[in-house]
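Below: target_20.csv (CSV, C-alpha atoms)
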```
chain,number,residue,atom,x,y,z
A,7,MET,CA,0.0,0.0,0.0
A,8,TYR,CA,2.6,2.5,1.1
A,9,ALA,CA,5.0,1.5,-1.7
A,10,GLU,CA,2.6,2.9,-4.3
A,11,LEU,CA,2.1,6.1,-2.2
A,12,LEU,CA,5.8,6.7,-1.9
A,13,LYS,CA,6.3,6.0,-5.6
A,14,ILE,CA,3.7,8.6,-6.5
A,15,ALA,CA,5.2,11.2,-4.0
A,16,ALA,CA,8.7,10.6,-5.4
A,17,GLY,CA,7.4,11.1,-8.9
A,18,GLU,CA,6.6,14.6,-7.9
A,19,LEU,CA,10.0,15.6,-6.7
A,20,GLY,CA,11.2,18.8,-8.4
A,21,THR,CA,7.7,20.1,-9.1
A,22,LYS,CA,7.5,23.8,-8.5
A,23,GLU,CA,4.9,26.6,-8.2
A,24,SER,CA,4.0,28.4,-11.4
A,25,PRO,CA,4.6,31.2,-11.4
A,26,ALA,CA,7.3,31.1,-8.8
A,27,GLY,CA,6.2,32.5,-5.4
A,28,SER,CA,2.5,32.3,-6.3
A,29,ASN,CA,1.6,29.1,-4.3
A,30,ARG,CA,-0.2,28.0,-7.5
A,31,THR,CA,0.2,24.3,-8.3
A,32,LYS,CA,-1.7,21.4,-9.8
A,33,TYR,CA,-2.3,20.2,-6.3
A,34,GLY,CA,-4.1,23.3,-5.3
A,35,GLN,CA,-6.1,23.2,-8.5
A,36,TRP,CA,-7.1,19.6,-7.8
A,37,TYR,CA,-8.1,20.5,-4.2
A,38,GLY,CA,-10.1,23.5,-5.3
A,39,TRP,CA,-8.1,26.0,-3.3
A,40,ASN,CA,-5.2,27.3,-5.2
A,41,GLY,CA,-2.7,30.1,-4.4
A,42,VAL,CA,-2.4,29.2,-0.7
A,43,PRO,CA,0.3,27.3,1.3
A,44,TRP,CA,-0.1,23.8,-0.1
A,45,CYS,CA,2.1,21.3,1.9
A,46,MET,CA,-1.0,19.5,3.3
A,47,ILE,CA,-2.8,19.7,0.0
A,48,PHE,CA,0.2,17.9,-1.5
A,49,VAL,CA,-0.1,15.1,1.1
A,50,GLN,CA,-3.8,14.8,0.4
A,51,TRP,CA,-3.2,14.6,-3.3
A,52,CYS,CA,-0.6,11.8,-3.0
A,53,PHE,CA,-2.9,9.7,-0.8
A,54,GLN,CA,-5.8,10.3,-3.2
A,55,GLN,CA,-3.7,9.3,-6.3
A,56,ALA,CA,-2.6,6.1,-4.4
A,57,GLY,CA,-6.3,5.2,-4.1
A,58,THR,CA,-6.3,5.6,-0.3
A,59,PRO,CA,-7.7,9.0,0.4
A,60,LEU,CA,-7.4,10.3,4.0
A,61,PRO,CA,-10.5,10.2,6.1
A,62,CYS,CA,-10.2,13.9,7.0
A,63,ARG,CA,-10.0,16.2,4.0
A,64,THR,CA,-8.3,19.4,5.1
A,65,ALA,CA,-5.5,21.8,3.9
A,66,SER,CA,-4.4,22.4,7.5
A,67,CYS,CA,-1.6,20.4,9.2
A,68,SER,CA,-3.0,21.1,12.7
A,69,ALA,CA,-6.6,20.3,11.7
A,70,LEU,CA,-5.5,16.8,10.4
A,71,LEU,CA,-3.6,16.2,13.6
A,72,ARG,CA,-6.6,17.3,15.8
A,73,TRP,CA,-8.9,15.0,13.8
A,74,TYR,CA,-6.7,11.9,14.4
A,75,GLN,CA,-6.2,12.8,18.0
A,76,ALA,CA,-10.0,13.0,18.5
A,77,ASN,CA,-11.1,10.1,16.3
A,78,GLN,CA,-8.2,7.7,15.8
A,79,ARG,CA,-5.7,8.5,18.5
A,80,GLU,CA,-3.9,5.1,18.1
A,81,ARG,CA,-2.8,6.4,14.7
A,82,VAL,CA,-0.8,9.2,16.2
A,83,VAL,CA,2.7,7.9,16.9
A,84,SER,CA,6.2,9.2,17.9
A,85,GLN,CA,8.4,6.8,15.9
A,86,PRO,CA,7.8,7.1,12.2
A,87,ARG,CA,7.7,4.5,9.5
A,88,PRO,CA,7.7,4.9,5.7
A,89,GLY,CA,4.3,6.2,4.6
A,90,ASP,CA,3.6,8.1,7.9
A,91,ILE,CA,2.6,11.8,7.7
A,92,ALA,CA,5.0,14.1,9.6
A,93,ILE,CA,3.4,17.0,11.4
A,94,TYR,CA,6.2,19.5,12.1
A,95,ARG,CA,6.3,22.0,14.9
A,96,PHE,CA,6.8,24.8,12.4
A,97,GLY,CA,3.4,24.4,10.6
A,98,HIS,CA,4.5,22.0,7.9
A,99,THR,CA,4.0,18.4,6.8
A,100,GLY,CA,5.4,15.7,4.6
A,101,ILE,CA,5.3,12.0,3.8
A,102,VAL,CA,8.0,9.9,5.6
A,103,GLU,CA,10.1,8.0,3.1
A,104,HIS,CA,12.7,6.6,5.4
A,105,ALA,CA,13.5,6.8,9.2
A,106,ALA,CA,16.7,5.9,11.0
A,107,GLY,CA,18.1,6.8,14.4
A,108,SER,CA,17.1,10.3,15.4
A,109,SER,CA,16.1,11.6,11.9
A,110,ALA,CA,13.6,10.9,9.2
A,111,THR,CA,13.6,11.7,5.5
A,112,ALA,CA,10.3,12.9,4.0
A,113,ILE,CA,8.9,14.0,0.7
A,114,GLU,CA,7.5,17.5,1.3
A,115,GLY,CA,5.5,19.9,-0.8
A,116,ASN,CA,5.7,23.7,-0.5
A,117,THR,CA,9.2,23.6,0.9
A,118,SER,CA,12.8,24.5,-0.2
A,119,PRO,CA,15.6,22.2,-1.4
A,120,GLY,CA,17.9,23.4,1.4
A,121,GLU,CA,18.1,25.2,4.7
A,122,ALA,CA,18.5,28.6,3.0
A,123,GLY,CA,14.9,28.9,1.8
A,124,SER,CA,11.5,28.8,3.6
A,125,GLN,CA,10.9,25.4,5.1
A,126,SER,CA,7.1,25.8,5.5
A,127,ASN,CA,6.2,27.9,2.5
A,128,GLY,CA,8.9,27.2,-0.1
A,129,GLY,CA,8.4,26.7,-3.8
A,130,GLY,CA,8.4,23.1,-4.6
A,131,VAL,CA,8.4,19.4,-3.8
A,132,PHE,CA,11.7,18.3,-2.3
A,133,ARG,CA,13.1,15.4,-0.2
A,134,ARG,CA,14.2,16.7,3.2
A,135,THR,CA,15.8,15.0,6.2
A,136,ARG,CA,14.9,16.4,9.6
A,137,THR,CA,15.4,15.4,13.2
A,138,LEU,CA,12.5,13.5,14.9
A,139,SER,CA,12.3,16.3,17.4
A,140,ALA,CA,11.2,18.7,14.6
A,141,ALA,CA,7.9,16.9,14.5
A,142,LEU,CA,5.0,17.3,16.9
A,143,ALA,CA,3.8,13.8,15.9
A,144,TYR,CA,3.5,11.4,13.1
A,145,ILE,CA,0.3,10.1,11.7
A,146,ARG,CA,0.0,6.5,10.5
A,147,PRO,CA,-3.2,6.6,8.4
A,148,PHE,CA,-3.2,2.9,7.7
A,149,ASP,CA,-1.3,-0.1,8.9
A,150,GLU,CA,0.1,-2.5,6.3
A,151,GLY,CA,-2.3,-5.2,7.8
A,152,ASP,CA,-5.4,-3.1,7.2
A,153,ASP,CA,-7.8,-4.5,4.7
A,154,ILE,CA,-7.6,-1.5,2.4
A,155,MET,CA,-8.0,-1.9,-1.3
A,156,THR,CA,-7.1,0.7,-3.9
A,157,GLY,CA,-9.7,1.8,-6.5
A,158,GLN,CA,-7.9,-0.2,-9.2
A,159,GLU,CA,-7.9,-3.3,-6.9
A,160,ILE,CA,-11.6,-3.0,-6.3
A,161,TYR,CA,-12.3,-2.5,-10.0
A,162,THR,CA,-10.2,-5.6,-10.9
A,163,ALA,CA,-11.7,-7.8,-8.2
A,164,LEU,CA,-15.3,-6.8,-9.2
A,165,ASN,CA,-14.7,-7.5,-12.8
A,166,ASP,CA,-13.1,-10.9,-12.1
A,167,TYR,CA,-16.2,-11.8,-10.1
A,168,LEU,CA,-18.6,-10.5,-12.8
A,169,LYS,CA,-16.8,-12.5,-15.6
A,170,ASN,CA,-18.3,-15.7,-14.2
A,171,GLN,CA,-21.9,-14.4,-13.9
A,172,SER,CA,-24.6,-15.1,-16.4
A,173,VAL,CA,-27.2,-12.9,-18.1
A,174,PRO,CA,-30.5,-13.0,-16.1
A,175,LEU,CA,-33.2,-15.1,-17.7
A,176,TRP,CA,-35.4,-12.2,-18.3
A,177,ALA,CA,-32.7,-10.4,-20.3
A,178,GLU,CA,-31.4,-13.3,-22.4
A,179,LYS,CA,-33.6,-12.6,-25.5
A,180,GLU,CA,-32.9,-8.9,-25.8
A,181,PHE,CA,-29.2,-9.5,-25.1
A,182,GLN,CA,-29.1,-12.0,-27.9
A,183,GLU,CA,-30.8,-9.4,-30.2
A,184,ALA,CA,-28.0,-6.9,-29.2
A,185,VAL,CA,-25.4,-9.5,-30.2
A,186,ASP,CA,-27.1,-10.1,-33.5
A,187,MET,CA,-27.1,-6.4,-34.2
A,188,GLY,CA,-23.4,-6.3,-33.6
A,189,LEU,CA,-23.6,-4.0,-30.6
A,190,THR,CA,-21.5,-6.5,-28.6
A,191,ASP,CA,-19.7,-9.7,-29.2
A,192,GLY,CA,-21.6,-11.4,-26.3
A,193,SER,CA,-18.6,-12.2,-24.2
A,194,GLU,CA,-18.4,-11.3,-20.5
A,195,PRO,CA,-21.9,-9.7,-20.5
A,196,LEU,CA,-21.8,-8.6,-16.9
A,197,THR,CA,-18.4,-6.9,-16.7
A,198,LEU,CA,-18.3,-3.2,-16.1
A,199,ILE,CA,-18.0,-0.7,-18.9
A,200,PRO,CA,-17.0,3.0,-18.6
A,201,ARG,CA,-19.5,5.7,-19.7
A,202,TYR,CA,-17.7,6.5,-22.9
A,203,GLN,CA,-18.3,2.9,-24.1
A,204,ALA,CA,-21.9,2.9,-23.0
A,205,ALA,CA,-22.4,6.2,-24.9
A,206,ILE,CA,-20.8,4.7,-28.1
A,207,LEU,CA,-23.0,1.7,-27.8
A,208,ALA,CA,-26.1,3.9,-27.5
A,209,LYS,CA,-25.0,6.0,-30.5
A,210,ARG,CA,-24.5,2.9,-32.6
A,211,ALA,CA,-27.9,1.6,-31.6
A,212,VAL,CA,-29.6,4.9,-32.6
A,213,LYS,CA,-27.8,5.0,-35.9
A,214,GLY,CA,-28.5,1.3,-36.6
A,215,LYS,CA,-24.8,0.4,-36.9
```
Show me this structure written as structure tokens.
Amino acid sequence: MYAELLKIAAGELGTKESPAGSNRTKYGQWYGWNGVPWCMIFVQWCFQQAGTPLPCRTASCSALLRWYQANQRERVVSQPRPGDIAIYRFGHTGIVEHAAGSSATAIEGNTSPGEAGSQSNGGGVFRRTRTLSAALAYIRPFDEGDDIMTGQEIYTALNDYLKNQSVPLWAEKEFQEAVDMGLTDGSEPLTLIPRYQAAILAKRAVKGK
């Protein structure tokens, strides 16, 4: 689960605000609130892209921590693991990539590549190593043992199940007519189709093709 999350986060390394200093990013555009400090928005985006959206949708580091303290206190930990969310004392956040000894390396949005720039309102996505004491706490949204499926896993599992199902008796005649019309080849009649395919099928039926 966390391997996919970290792969997605690492793929964003080097992404910068456009224009520089504007706080405008694709993450803010996705969230619906652009041009504002976006470190937590970046974290939210990464979890969403991994198919494991966080249970509390917020752009605030402190608000996410308060939510977990109130609702899932067992998820607030002091010793980080890869995939945990670091909540830093200076109003910033990131996704832990590696932890060893007294420090942890995280992938962070809205920070600077080095100590010279702003740490909590920088201009891009960078990998940063900070001491454990720099964090108020770490949030572990999911344990590896949790029965959490990504959207793609759900889609695949459902289709695998539907492949073995038969057309209901009441629909057999009309379904065969659709096959005879060339609207479908008749295979896997209960598997899911996206809307664009359904729209094309409807168009062909109207045009008699």
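In terms of minimum interatomic distance to Lys22 of chain A, A:Glu114 ranks closest within A:Glu114, A:Glu80, A:Glu183, A:Asp191, counting only C-alpha atoms.
The space separating atom CA of Leu71 of chain A from atom CA of Thr21 of chain A comes to 25.7 Å.
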(message) Nearest residue to Tyr94 of chain A out of A:Asn170, A:Lys209, A:Leu138, A:Asn165, using only C-alpha atoms?
(response) A:Leu138
(request) Figure out the distance between atom CA of Ala9 of chain A and atom CA of Gly115 of chain A, please, to one decimal in Å. (result) 18.4 Å
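The space separating atom CA of Ile93 of chain A from atom CA of Ala143 of chain A comes to 5.5 Å.
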(request) Choose the residue, out of A:Asn116, A:Tyr37, A:Gly89, A:Thr31, that has the smallest atom-to-atom separation from Asp149 of chain A; count all atoms listed in the file. (result) A:Gly89
Please write as an mmCIF file with C-alpha atoms, keeping the file's coordinate frame the list of polymer residues whose atoms come within 12 Å of (-6.5, 12.7, 15.6), counting all atoms listed in the file and keeping to the coordinates of the file.
```cif
data_model
loop_
_atom_site.group_PDB
_atom_site.id
_atom_site.type_symbol
_atom_site.label_atom_id
_atom_site.label_comp_id
_atom_site.auth_asym_id
_atom_site.auth_seq_id
_atom_site.Cartn_x
_atom_site.Cartn_y
_atom_site.Cartn_z
ATOM 1 C CA LEU A 60 -7.400 10.300 4.000
ATOM 2 C CA PRO A 61 -10.500 10.200 6.100
ATOM 3 C CA CYS A 62 -10.200 13.900 7.000
ATOM 4 C CA CYS A 67 -1.600 20.400 9.200
ATOM 5 C CA SER A 68 -3.000 21.100 12.700
ATOM 6 C CA ALA A 69 -6.600 20.300 11.700
ATOM 7 C CA LEU A 70 -5.500 16.800 10.400
ATOM 8 C CA LEU A 71 -3.600 16.200 13.600
ATOM 9 C CA ARG A 72 -6.600 17.300 15.800
ATOM 10 C CA TRP A 73 -8.900 15.000 13.800
ATOM 11 C CA TYR A 74 -6.700 11.900 14.400
ATOM 12 C CA GLN A 75 -6.200 12.800 18.000
ATOM 13 C CA ALA A 76 -10.000 13.000 18.500
ATOM 14 C CA ASN A 77 -11.100 10.100 16.300
ATOM 15 C CA GLN A 78 -8.200 7.700 15.800
ATOM 16 C CA ARG A 79 -5.700 8.500 18.500
ATOM 17 C CA GLU A 80 -3.900 5.100 18.100
ATOM 18 C CA ARG A 81 -2.800 6.400 14.700
ATOM 19 C CA VAL A 82 -0.800 9.200 16.200
ATOM 20 C CA VAL A 83 2.700 7.900 16.900
ATOM 21 C CA ILE A 93 3.400 17.000 11.400
ATOM 22 C CA ALA A 143 3.800 13.800 15.900
ATOM 23 C CA TYR A 144 3.500 11.400 13.100
ATOM 24 C CA ILE A 145 0.300 10.100 11.700
ATOM 25 C CA ARG A 146 0.000 6.500 10.500
ATOM 26 C CA PRO A 147 -3.200 6.600 8.400
#
```
(request) Find the spatial neighbours of Trp51 of chain A, counting only C-alpha atoms, within a cut-off of 9 Å - ignore same-chain residues fewer than 6 positions away - and output them as JSON, numbers by chain. (result) {"A": [33, 34, 36, 37, 59]}
